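First the structure, in the form of structure tokens, and then the observations on it.
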Amino acid sequence: MLSELLRGNLTLETAIIHILVILVIVFLVLPIHEFAHAGAAYLLGDKSIKHRGRLTFNPLSHVDPLGALCLLLLGFGWAKPVPIDPRNFKNPKVGMALTAFAGPLSNFICALISGAALILTINLAPKEFFLYFYELGEDTLVAQVFYYLILFLYNFLAINVSLAIFNLIPLPPLDGSKVLYLFLPYKAIDFINQLQRYAYIIIYGVIIMLSRSGALGGITDFFVNICLFGNNLGDLIYNAAISALF
């Protein structure tokens, strides 16, 4: 399926497996993102977070069904927002900005770790994997283990990048708006907050326009390649295959 993903010719069977892999990743990524918000708020002085049950990695405490479905199908989504009381921060504006940025930052950190693990896994992959990947050899257990591990790591990286980029859009209620507030006067903040009722319509309008123009894929690929330390998945597999097979 990894090779089919790269070539763009998924079958029904491999598409189902791909969806299941992404579903598992969604239930890992969203709790990490929201735990980062909760942990930052707690460290900055909002101890009420702990009593609200959000200082946990339990997916049931964080996952929003609609947001998870959008992340699964569209690549962009959201979780249940962590209720934060800025009055508990020494500097509410700074505290909210840092707490908001903690979510996307956690995703970029996870993406970098996943990128490093992916590069290591590809370079440690045995000859059997590359023969199977390029449809030149048998489907062995070793080949399958490396195949699905690489598939998982790449999707984990890509979804973390997508979630971080989506949440950094500077429109409420996304994290980017709270980071932007740090640099704006209160009158401007009030004006932006008035747009919140239309926020998701505006956000998805922007995403659709960026998608159709190809800019969204370009932005995501740019950060994915950064997390792969300047490489792309196809080249990594090809170069490792040359070393392993020849």
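As shown in the structure tokens, the chain order sets the letters A, B, ...; within each chain, residues go from 1, and ligands are also counted from 1 in the order they appear.
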Open item on the list: Please identify the helix (DSSP H, G or I) residues within range 46-203 of chain A (assignment by DSSP from backbone atoms) and present them as a ChimeraX atom specification.
Closed with: /A:48-51,59-62,65-74,86-88,92-124,127-133,141-167,175-181,186-193,196-203
Report as a tab-separated table the residues of range 2-87 of chain A within 12 Å of range 202-219 of chain A, each with its shortest atom pair and distance in Å (one decimal), using only C-alpha atoms, ordered by chain and increasing residue number.
```
residue	atom	partner	partner_atom	distance
A:Cys70	CA	A:Tyr204	CA	11.0
A:Leu74	CA	A:Ile207	CA	10.1
A:Gly75	CA	A:Gly217	CA	10.6
A:Phe76	CA	A:Ile207	CA	9.2
A:Gly77	CA	A:Tyr204	CA	10.5
```
TODO: Could you jot down the CA of Phe35 in chain A to CA of Pro81 in chain A separation for me, Å, one decimal place?
DONE: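 CA of Pro81 in chain A lies 10.5 Å from CA of Phe35 in chain A.
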Task: Neighbour list for Gly230 in chain A as a PyMOL selection string, cut-off 12 Å, only C-alpha atoms, skip fewer than 6 positions in-chain - done: chain A and resi 112+115-116+119+221-224+236
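Reported to one decimal place, the separation of CA of Leu180 in chain A from CA of Val29 in chain A is 23.8 Å.
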Which polymer residues have any atom within 7 Å of an atom of Asn160 in chain A, counting only C-alpha atoms, with same-chain residues fewer than 6 positions away left out, as a tab-separated table (two decimals) with N, CA and C atoms, in the first residue's frame?
```
chain	number	residue	atom	x	y	z
A	29	VAL	N	-2.85	11.37	17.95
A	29	VAL	CA	-2.40	12.74	17.71
A	29	VAL	C	-3.25	13.78	18.44
A	107	ASN	N	2.77	18.99	17.96
A	107	ASN	CA	2.63	18.27	16.69
A	107	ASN	C	3.91	18.32	15.87
A	108	PHE	N	4.56	19.48	15.84
A	108	PHE	CA	5.82	19.59	15.08
A	108	PHE	C	6.91	18.74	15.74
A	110	CYS	N	6.41	15.96	17.49
A	110	CYS	CA	6.06	14.58	17.13
A	110	CYS	C	6.44	14.27	15.69
A	111	ALA	N	6.22	15.24	14.80
A	111	ALA	CA	6.55	15.05	13.38
A	111	ALA	C	8.06	14.88	13.19
```
Task: Ile122 in chain A surroundings by only C-alpha atoms, 7 Å radius, close-in-sequence under 4 positions cut, as a PyMOL selection string - done: chain A and resi 118+237+240
Open item on the list: Can you tell me which residues surround Ile192 in chain A at a distance of at most 12 Å, considering only C-alpha atoms, apart from same-chain residues fewer than 6 positions away, and format the answer as a VMD selection string?
Closed with: chain A and resid 170 to 174 177 to 178 180 to 181 184 to 186 198 to 199
Export C-alpha atoms of the chosen residues as a JSON list (two decimals), in the first residue's frame?
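The resulting file, again.json, is shown below:
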```
[["chain", "number", "residue", "atom", "x", "y", "z"],
["A", 170, "PRO", "CA", -5.08, 32.95, 12.73],
["A", 171, "LEU", "CA", -8.88, 32.76, 12.98],
["A", 172, "PRO", "CA", -10.84, 32.00, 16.15],
["A", 173, "PRO", "CA", -11.24, 29.50, 17.70],
["A", 174, "LEU", "CA", -8.02, 28.04, 16.26],
["A", 177, "SER", "CA", -5.75, 33.41, 16.62],
["A", 178, "LYS", "CA", -4.65, 33.32, 20.26],
["A", 180, "LEU", "CA", -1.92, 36.55, 16.99],
["A", 181, "TYR", "CA", -3.77, 38.24, 19.88],
["A", 184, "LEU", "CA", -2.87, 43.04, 18.67],
["A", 185, "PRO", "CA", -4.66, 45.75, 20.68],
["A", 186, "TYR", "CA", -7.82, 44.70, 22.53],
["A", 198, "TYR", "CA", -18.47, 32.43, 10.86],
["A", 199, "ALA", "CA", -15.00, 31.07, 11.60]]
```
Task: For Gln144 in chain A, the nearest of the candidates A:Ala158, A:Tyr132, A:Thr99, A:Ala36, counting only C-alpha atoms - done: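 That would be A:Tyr132, the residue with the smallest distance to Gln144 in chain A.
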